[in-house]
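Trainee: Once you've had a glance at the structure underneath, I'll fire off some questions.
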Number of protein chains: 2
Amino acid sequence: MATPRTARSARERVREEMTTEILAVARAHVAKEGAAALSLRSVARDLELAPSALYRYFDGRDALLSALIMAAYEALATEAERAADHAARREASDAERWREVPRAMRKWALGRPHEWGLIFGTPVPGYEAPPDTVEPYARVAAAMVRPVVAAKEAGRLRMDQSRRVSDALRDAVAPVTEALFSDMPVEKVVLALQAWTTVIGVISLEVFGHWRNTILDPGAFFEATIRDVGEEIGLI
Amino acid sequence: MATPRTARSARERVREEMTTEILAVARAHVAKEGAAALSLRSVARDLELAPSALYRYFDGRDALLSALIMAAYEALATEAERAADHAARREASDAERWREVPRAMRKWALGRPHEWGLIFGTPVPGYEAPPDTVEPYARVAAAMVRPVVAAKEAGRLRMDQSRRVSDALRDAVAPVTEALFSDMPVEKVVLALQAWTTVIGVISLEVFGHWRNTILDPGAFFEATIRDVGEEIGLI
DNA sequence: TCCTAAAGGAGAACACTGTTCATGTCAAGT
DNA sequence: ACTTGACATGAACAGTGTTCTCCTTTAGGA
């Protein structure tokens, strides 16, 4: 009983090792030259394998790239959650805590621009839509919003500025309201989504090189922007 | 004198026709299947030409793609300016006028998602950095900002809410201050850049499919967002 | 313990791709 | 009339993703 179990797991263990090794090499290629340059044959060469051998592990180039996209989502989510945990433990204002996750996301993105592109860049034709991706995506969003929820629960969230929210908009953001915080006024949900938009936008514009000749110190602009956004949300 | 001139221009005319025809076919391919699927041989097939013949007109695939990127920039800039002109002639509030250019950009992007991706998506490895691109880019930004400048000059721009701008940030955005409006307070320049960030972000997130299962009515969210951003800038 | 079935890997092959080169073919200009 | 240049071709080369057949090794039940 014990022998076959360990035997089978030995099989699966080497298979799993091989799989992660392939992914590591492929990720290195993407990190260095971008997703467009990912070549099945070249990762096979790096691993001293025949190209056809990779098909035992992935259904093809698109499947490999999808796995990399998924891994990028997971990595970003982990990083965001780590930052949120760290922020929760800090002795700091809510406004300061809020900035930690955006900062971590930017740092992650600047270190891995191509992997950021896998998530927030042009969708690859092979694609990504699979529902596996929605879960880490939600984890990132939840991490970013956690300080806001904490401030609200502690009664430290400014509620004065009340933007009117139309019925159409209320319905439009209903999934977010349910998923993230059902006891939050809908204006705050809208503000959180706008904060998300701005954070993703400011990071993407920097990572994709659009601040060239425009903003000389992207870090300073980023810091100011997330500060203003936090203020907008009502964090103090 | 007249004959060689017309003859030479006849030569150049047919060459120009051929060039635009190639670009048109290539753009159609990109519009349908994305930049990654752009194949020199397939556009040659569509034109009933040998693949090598295209090298008389473009230095290769990268050059053709660069031309398409440039064309996308130009098209977006033209559209944005058209919307700005239209807005300037409208009988409407400054806040309402401000929304016209972002709306036009969103409409353009939704109609040509892949061409939007050429501009604001993952940079292509072959690439785009050439300084030709900075000019239409500035035209888009200028078009978006024109209603703000008009409101300012008419003395209808709210100046009350004064966010502090650090010296570092002031220096960081200096190129924009000089390029777009030197007589505008730096807080407004920062607000304009943040507006730019949010507009590009909200359009990209929608076009790249990130509102799936998140925002059911992207149009409603977009309208609310550009309204709030305009309010933030101080338009009334 | 042996034997069968499955899994992993290799290599050849096919249909693509971008790019280069030698060749041919016309029209323009001296 | 002749030469030069531009245009177009077809073959070729190196690279790609993918599929197929074949071989070896291993696992697990008879």
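Chain labels run A, B, ... following the order of the structure tokens; each chain numbers its residues from 1, and ligands are numbered from 1 in the order shown.
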Given a cut-off of 6 Å, which residues of chain B touch chain A, counting only C-alpha atoms, written out as a ChimeraX atom specification?
Mentor: /B:117,121-122,169,172-173,175-176,197-198,201-202,214-217,220
Trainee: Could you give me, as a tab-separated table, every chain D residue with an atom at most 10 Å from chain B, plus its closest atom pair and distance in Å to one decimal, counting only C-alpha atoms (C1' of nucleotides), rows ordered by chain then number?
Mentor:
```
residue	atom	partner	partner_atom	distance
D:DA6	C1'	B:Arg56	CA	9.0
D:DC7	C1'	B:Arg56	CA	7.7
D:DA8	C1'	B:Ala53	CA	6.0
D:DT9	C1'	B:Ala50	CA	6.8
D:DG10	C1'	B:Ala50	CA	8.4
```
Trainee: Once chain B is fitted onto chain A by least squares over all its in-order Cα atoms, send the moved chain as a short mmCIF file (atom, residue, chain, number, x, y, z; two decimals) with C-alpha atoms, in the first residue's frame.
Mentor:
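Below you can see part.cif, which holds the result:
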```
data_model
loop_
_atom_site.label_atom_id
_atom_site.label_comp_id
_atom_site.auth_asym_id
_atom_site.auth_seq_id
_atom_site.Cartn_x
_atom_site.Cartn_y
_atom_site.Cartn_z
CA MET B 1 0.27 -0.28 -0.21
CA ALA B 2 3.04 2.03 0.83
CA THR B 3 5.29 1.18 -2.09
CA PRO B 4 2.92 1.98 -4.97
CA ARG B 5 1.82 5.16 -3.26
CA THR B 6 5.35 6.46 -2.89
CA ALA B 7 6.18 5.19 -6.36
CA ARG B 8 3.30 7.03 -7.93
CA SER B 9 4.07 10.13 -5.97
CA ALA B 10 7.69 9.81 -7.06
CA ARG B 11 6.48 9.85 -10.63
CA GLU B 12 4.31 12.82 -10.03
CA ARG B 13 7.02 14.53 -8.08
CA VAL B 14 9.51 14.45 -10.95
CA ARG B 15 6.75 15.51 -13.31
CA GLU B 16 5.94 18.45 -11.11
CA GLU B 17 9.61 19.36 -10.90
CA MET B 18 9.88 19.26 -14.66
CA THR B 19 6.78 21.42 -15.02
CA THR B 20 8.05 24.10 -12.68
CA GLU B 21 11.45 23.98 -14.38
CA ILE B 22 9.83 24.59 -17.76
CA LEU B 23 7.81 27.44 -16.28
CA ALA B 24 10.91 28.94 -14.72
CA VAL B 25 12.81 28.96 -18.00
CA ALA B 26 9.81 30.29 -19.88
CA ARG B 27 9.31 33.03 -17.32
CA ALA B 28 12.95 34.00 -17.62
CA HIS B 29 12.57 34.31 -21.37
CA VAL B 30 9.46 36.45 -21.01
CA ALA B 31 11.10 38.58 -18.35
CA LYS B 32 14.05 39.23 -20.61
CA GLU B 33 12.50 39.69 -24.03
CA GLY B 34 8.77 39.90 -23.61
CA ALA B 35 5.87 37.59 -24.29
CA ALA B 36 6.03 38.00 -28.04
CA ALA B 37 9.51 36.50 -28.06
CA LEU B 38 8.56 33.40 -26.09
CA SER B 39 9.62 30.46 -28.22
CA LEU B 40 8.82 26.88 -27.36
CA ARG B 41 11.88 25.64 -29.18
CA SER B 42 14.21 27.99 -27.37
CA VAL B 43 13.00 26.94 -23.92
CA ALA B 44 13.39 23.35 -25.10
CA ARG B 45 16.97 24.15 -26.08
CA ASP B 46 17.66 25.70 -22.69
CA LEU B 47 16.40 22.53 -21.04
CA GLU B 48 18.23 20.30 -23.53
CA LEU B 49 14.98 18.74 -24.58
CA ALA B 50 13.36 18.04 -27.90
CA PRO B 51 10.67 20.61 -28.72
CA SER B 52 8.06 17.90 -28.91
CA ALA B 53 8.84 16.78 -25.37
CA LEU B 54 7.29 19.95 -23.98
CA TYR B 55 3.93 18.80 -25.25
CA ARG B 56 3.91 16.19 -22.47
CA TYR B 57 3.59 19.10 -20.04
CA PHE B 58 1.78 21.85 -21.92
CA ASP B 59 -0.70 21.68 -24.74
CA GLY B 60 1.33 24.17 -26.75
CA ARG B 61 2.69 27.65 -26.74
CA ASP B 62 -0.59 29.25 -25.83
CA ALA B 63 -1.07 26.94 -22.87
CA LEU B 64 2.44 27.71 -21.64
CA LEU B 65 1.80 31.42 -21.97
CA SER B 66 -1.52 31.06 -20.18
CA ALA B 67 0.28 29.34 -17.31
CA LEU B 68 2.74 32.23 -17.18
CA ILE B 69 -0.11 34.74 -17.12
CA MET B 70 -1.73 32.82 -14.30
CA ALA B 71 1.57 32.74 -12.42
CA ALA B 72 1.95 36.49 -12.87
CA TYR B 73 -1.51 37.04 -11.43
CA GLU B 74 -0.68 34.85 -8.45
CA ALA B 75 2.64 36.56 -7.86
CA LEU B 76 1.10 40.02 -7.95
CA ALA B 77 -1.71 38.94 -5.65
CA THR B 78 0.74 37.46 -3.17
CA GLU B 79 2.79 40.63 -3.22
CA ALA B 80 -0.26 42.82 -2.73
CA GLU B 81 -1.48 40.75 0.19
CA ARG B 82 1.95 40.82 1.74
CA ALA B 83 1.92 44.59 1.56
CA ALA B 84 -1.60 44.74 3.01
CA ASP B 85 -0.56 42.56 5.93
CA HIS B 86 2.47 44.72 6.49
CA ALA B 87 0.37 47.88 6.36
CA ALA B 88 -2.15 46.50 8.84
CA ARG B 89 0.62 45.96 11.36
CA ARG B 90 2.18 49.37 10.93
CA GLU B 91 1.83 52.26 13.32
CA ALA B 92 0.56 54.76 10.82
CA SER B 93 -2.44 56.73 9.67
CA ASP B 94 -5.06 55.10 7.48
CA ALA B 95 -3.98 57.36 4.63
CA GLU B 96 -0.41 56.14 4.98
CA ARG B 97 -1.49 52.52 5.25
CA TRP B 98 -3.57 52.80 2.11
CA ARG B 99 -0.52 53.71 0.07
CA GLU B 100 1.36 50.53 0.87
CA VAL B 101 -0.40 48.22 -1.56
CA PRO B 102 -0.19 50.57 -4.56
CA ARG B 103 3.48 51.08 -3.75
CA ALA B 104 4.07 47.35 -3.66
CA MET B 105 2.25 46.91 -6.94
CA ARG B 106 4.34 49.60 -8.59
CA LYS B 107 7.56 48.11 -7.26
CA TRP B 108 6.54 44.68 -8.49
CA ALA B 109 5.63 46.07 -11.90
CA LEU B 110 8.84 48.02 -12.33
CA GLY B 111 10.85 44.93 -11.50
CA ARG B 112 8.90 42.76 -13.94
CA PRO B 113 7.55 45.06 -16.63
CA HIS B 114 6.80 42.23 -19.06
CA GLU B 115 4.89 40.27 -16.46
CA TRP B 116 2.88 43.37 -15.62
CA GLY B 117 2.17 43.52 -19.33
CA LEU B 118 0.88 39.96 -19.23
CA ILE B 119 -1.78 41.10 -16.80
CA PHE B 120 -2.64 44.66 -17.75
CA GLY B 121 -1.24 45.01 -21.26
CA THR B 122 -2.70 44.04 -24.58
CA PRO B 123 -4.54 40.75 -24.17
CA VAL B 124 -2.71 37.93 -25.93
CA PRO B 125 -4.60 36.36 -28.84
CA GLY B 126 -4.28 32.90 -27.33
CA TYR B 127 -5.68 34.54 -24.26
CA GLU B 128 -6.48 34.57 -20.61
CA ALA B 129 -10.17 34.95 -19.93
CA PRO B 130 -10.38 31.67 -17.97
CA PRO B 131 -12.09 32.08 -14.63
CA ASP B 132 -8.90 31.03 -12.80
CA THR B 133 -7.73 34.56 -13.36
CA VAL B 134 -10.62 36.25 -11.61
CA GLU B 135 -9.66 34.87 -8.23
CA PRO B 136 -6.14 36.37 -7.92
CA TYR B 137 -7.46 39.51 -9.57
CA ALA B 138 -9.99 39.81 -6.77
CA ARG B 139 -7.25 39.17 -4.23
CA VAL B 140 -5.28 42.15 -5.49
CA ALA B 141 -8.33 44.37 -5.39
CA ALA B 142 -9.22 43.11 -1.93
CA ALA B 143 -5.72 43.78 -0.67
CA MET B 144 -5.81 47.31 -1.99
CA VAL B 145 -9.16 47.99 -0.40
CA ARG B 146 -8.45 46.38 2.94
CA PRO B 147 -7.11 49.55 4.60
CA VAL B 148 -10.24 51.40 3.52
CA VAL B 149 -12.47 48.77 5.07
CA ALA B 150 -10.39 48.81 8.23
CA ALA B 151 -10.69 52.57 8.48
CA LYS B 152 -14.42 52.38 7.91
CA GLU B 153 -14.88 49.77 10.62
CA ALA B 154 -12.81 51.84 13.00
CA GLY B 155 -15.04 54.81 12.24
CA ARG B 156 -12.19 56.82 10.83
CA LEU B 157 -13.41 57.09 7.25
CA ARG B 158 -14.54 60.56 6.27
CA MET B 159 -18.08 60.41 4.99
CA ASP B 160 -18.73 64.11 4.40
CA GLN B 161 -18.14 64.52 0.72
CA SER B 162 -21.08 62.80 -0.86
CA ARG B 163 -21.03 62.38 -4.60
CA ARG B 164 -24.35 61.48 -6.03
CA VAL B 165 -24.48 58.03 -7.56
CA SER B 166 -27.10 57.36 -10.20
CA ASP B 167 -29.22 54.24 -10.09
CA ALA B 168 -27.60 53.02 -13.28
CA LEU B 169 -24.17 53.35 -11.73
CA ARG B 170 -25.29 51.65 -8.55
CA ASP B 171 -26.44 48.66 -10.57
CA ALA B 172 -23.32 48.75 -12.71
CA VAL B 173 -20.99 48.31 -9.75
CA ALA B 174 -23.20 45.86 -7.87
CA PRO B 175 -20.83 42.90 -8.29
CA VAL B 176 -18.08 44.88 -6.60
CA THR B 177 -20.34 46.05 -3.83
CA GLU B 178 -21.25 42.47 -3.02
CA ALA B 179 -17.80 40.99 -3.46
CA LEU B 180 -15.75 43.46 -1.52
CA PHE B 181 -17.87 45.14 1.11
CA SER B 182 -21.60 44.98 1.33
CA ASP B 183 -21.83 47.39 4.25
CA MET B 184 -20.02 50.17 2.42
CA PRO B 185 -21.95 53.06 0.91
CA VAL B 186 -22.02 52.85 -2.85
CA GLU B 187 -20.22 56.16 -3.23
CA LYS B 188 -17.23 54.57 -1.57
CA VAL B 189 -17.43 51.60 -3.88
CA VAL B 190 -17.32 53.91 -6.86
CA LEU B 191 -14.43 55.82 -5.33
CA ALA B 192 -12.58 52.54 -4.77
CA LEU B 193 -13.07 51.55 -8.40
CA GLN B 194 -11.81 54.93 -9.52
CA ALA B 195 -8.83 54.52 -7.24
CA TRP B 196 -8.20 51.13 -8.84
CA THR B 197 -8.41 52.75 -12.27
CA THR B 198 -5.96 55.47 -11.38
CA VAL B 199 -3.48 53.14 -9.73
CA ILE B 200 -3.45 50.69 -12.62
CA GLY B 201 -3.29 53.60 -15.03
CA VAL B 202 -0.40 55.41 -13.41
CA ILE B 203 1.63 52.22 -13.11
CA SER B 204 0.90 51.10 -16.66
CA LEU B 205 1.77 54.48 -18.13
CA GLU B 206 5.09 54.45 -16.35
CA VAL B 207 5.90 50.79 -17.04
CA PHE B 208 4.96 51.04 -20.70
CA GLY B 209 7.20 54.06 -21.12
CA HIS B 210 4.64 56.79 -21.62
CA TRP B 211 6.20 59.22 -19.19
CA ARG B 212 9.19 59.72 -21.45
CA ASN B 213 9.76 63.42 -21.95
CA THR B 214 6.68 64.08 -19.89
CA ILE B 215 7.23 63.32 -16.23
CA LEU B 216 10.83 63.46 -15.19
CA ASP B 217 10.32 61.85 -11.79
CA PRO B 218 7.60 59.20 -12.05
CA GLY B 219 8.09 58.21 -8.43
CA ALA B 220 7.22 61.67 -7.18
CA PHE B 221 4.15 61.83 -9.38
CA PHE B 222 3.08 58.38 -8.27
CA GLU B 223 3.40 59.27 -4.60
CA ALA B 224 1.42 62.45 -5.04
CA THR B 225 -1.24 60.66 -7.00
CA ILE B 226 -1.89 57.85 -4.53
CA ARG B 227 -1.88 60.41 -1.75
CA ASP B 228 -4.54 62.48 -3.51
CA VAL B 229 -6.55 59.38 -4.34
CA GLY B 230 -6.49 58.28 -0.71
CA GLU B 231 -7.65 61.71 0.34
CA GLU B 232 -10.42 61.50 -2.20
CA ILE B 233 -11.61 58.23 -0.73
CA GLY B 234 -11.81 59.88 2.65
CA LEU B 235 -8.79 58.42 4.42
CA ILE B 236 -7.09 60.60 6.97
#
```
Trainee: Could you write out as number ranges by chain the residues of chain C within 10 Å of chain B, counting only C-alpha atoms (C1' of nucleotides)?
Mentor: C: 16-20, 27-29
Trainee: Output the selection as an mmCIF file, in the first residue's frame - C-alpha atoms (C1' of nucleotides) for each residue.
Mentor:
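Generated file (out18.cif):
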```
data_model
loop_
_atom_site.group_PDB
_atom_site.id
_atom_site.type_symbol
_atom_site.label_atom_id
_atom_site.label_comp_id
_atom_site.auth_asym_id
_atom_site.auth_seq_id
_atom_site.Cartn_x
_atom_site.Cartn_y
_atom_site.Cartn_z
ATOM 1 C "C1'" DC C 16 4.120 28.320 -41.564
ATOM 2 C "C1'" DT C 17 7.019 32.748 -40.640
ATOM 3 C "C1'" DG C 18 10.689 36.877 -41.743
ATOM 4 C "C1'" DT C 19 14.461 37.949 -44.561
ATOM 5 C "C1'" DT C 20 18.009 37.901 -48.282
ATOM 6 C "C1'" DA C 27 9.823 52.675 -67.808
ATOM 7 C "C1'" DA C 28 12.418 56.961 -67.339
ATOM 8 C "C1'" DG C 29 16.350 60.122 -68.513
#
```
Trainee: Enumerate the residues of region 111-182 of chain B with a DSSP assignment of alpha helix (DSSP H), computed from the backbone, and present them as number ranges by chain.
Mentor: B: 111, 113-120, 134-153, 167-172, 174-180
Trainee: Please produce a file of the residues just selected, as a short mmCIF file (atom, residue, chain, number, x, y, z; two decimals), in the first residue's frame, where the atoms kept are C-alpha atoms.
Mentor:
```cif
data_model
loop_
_atom_site.label_atom_id
_atom_site.label_comp_id
_atom_site.auth_asym_id
_atom_site.auth_seq_id
_atom_site.Cartn_x
_atom_site.Cartn_y
_atom_site.Cartn_z
CA GLY B 111 -14.18 50.67 -32.18
CA PRO B 113 -9.39 47.93 -29.57
CA HIS B 114 -6.25 46.53 -31.21
CA GLU B 115 -5.16 49.94 -32.43
CA TRP B 116 -5.68 51.33 -28.95
CA GLY B 117 -3.45 48.50 -27.82
CA LEU B 118 -0.79 49.62 -30.27
CA ILE B 119 -0.64 52.92 -28.44
CA PHE B 120 -1.35 52.16 -24.81
CA VAL B 134 5.61 62.35 -29.26
CA GLU B 135 3.98 64.91 -31.51
CA PRO B 136 0.55 63.23 -31.98
CA TYR B 137 0.72 62.16 -28.35
CA ALA B 138 1.02 65.79 -27.37
CA ARG B 139 -1.84 66.65 -29.69
CA VAL B 140 -4.14 64.26 -27.86
CA ALA B 141 -3.13 65.65 -24.50
CA ALA B 142 -3.53 69.20 -25.76
CA ALA B 143 -6.99 68.43 -27.10
CA MET B 144 -8.05 66.97 -23.80
CA VAL B 145 -6.77 69.95 -21.88
CA ARG B 146 -8.09 72.63 -24.19
CA PRO B 147 -11.45 73.04 -22.41
CA VAL B 148 -9.61 73.50 -19.13
CA VAL B 149 -7.44 76.23 -20.57
CA ALA B 150 -10.49 77.88 -22.11
CA ALA B 151 -12.28 77.85 -18.78
CA LYS B 152 -9.24 79.26 -17.04
CA GLU B 153 -8.91 82.09 -19.54
CA ASP B 167 9.16 71.12 -5.13
CA ALA B 168 10.15 67.70 -6.40
CA LEU B 169 6.78 67.26 -8.03
CA ARG B 170 6.89 70.73 -9.52
CA ASP B 171 10.21 69.90 -11.17
CA ALA B 172 8.96 66.49 -12.22
CA ALA B 174 7.98 70.88 -15.61
CA PRO B 175 7.97 69.64 -19.22
CA VAL B 176 4.19 69.48 -19.15
CA THR B 177 3.88 72.88 -17.55
CA GLU B 178 5.93 74.41 -20.32
CA ALA B 179 4.42 72.45 -23.18
CA LEU B 180 0.77 72.80 -22.38
#
```
Trainee: Tell me which protein, DNA and RNA residues are within 10 Å of DA12 (chain C), counting only C-alpha atoms (C1' of nucleotides), leaving out same-chain ones fewer than 2 positions away, and put them as a PDB file with C-alpha atoms (C1' of nucleotides), in the first residue's frame.
Mentor:
```pdb
ATOM      1  C1'  DA C  10      13.477  11.723 -29.506  1.00  0.00           C
ATOM      2  C1'  DC C  14       4.747  19.652 -42.407  1.00  0.00           C
TER       3       DC C  14
ATOM      4  C1'  DC D  20       3.285  11.953 -35.858  1.00  0.00           C
ATOM      5  C1'  DT D  21       5.741   7.655 -35.325  1.00  0.00           C
TER       6       DT D  21
END
```
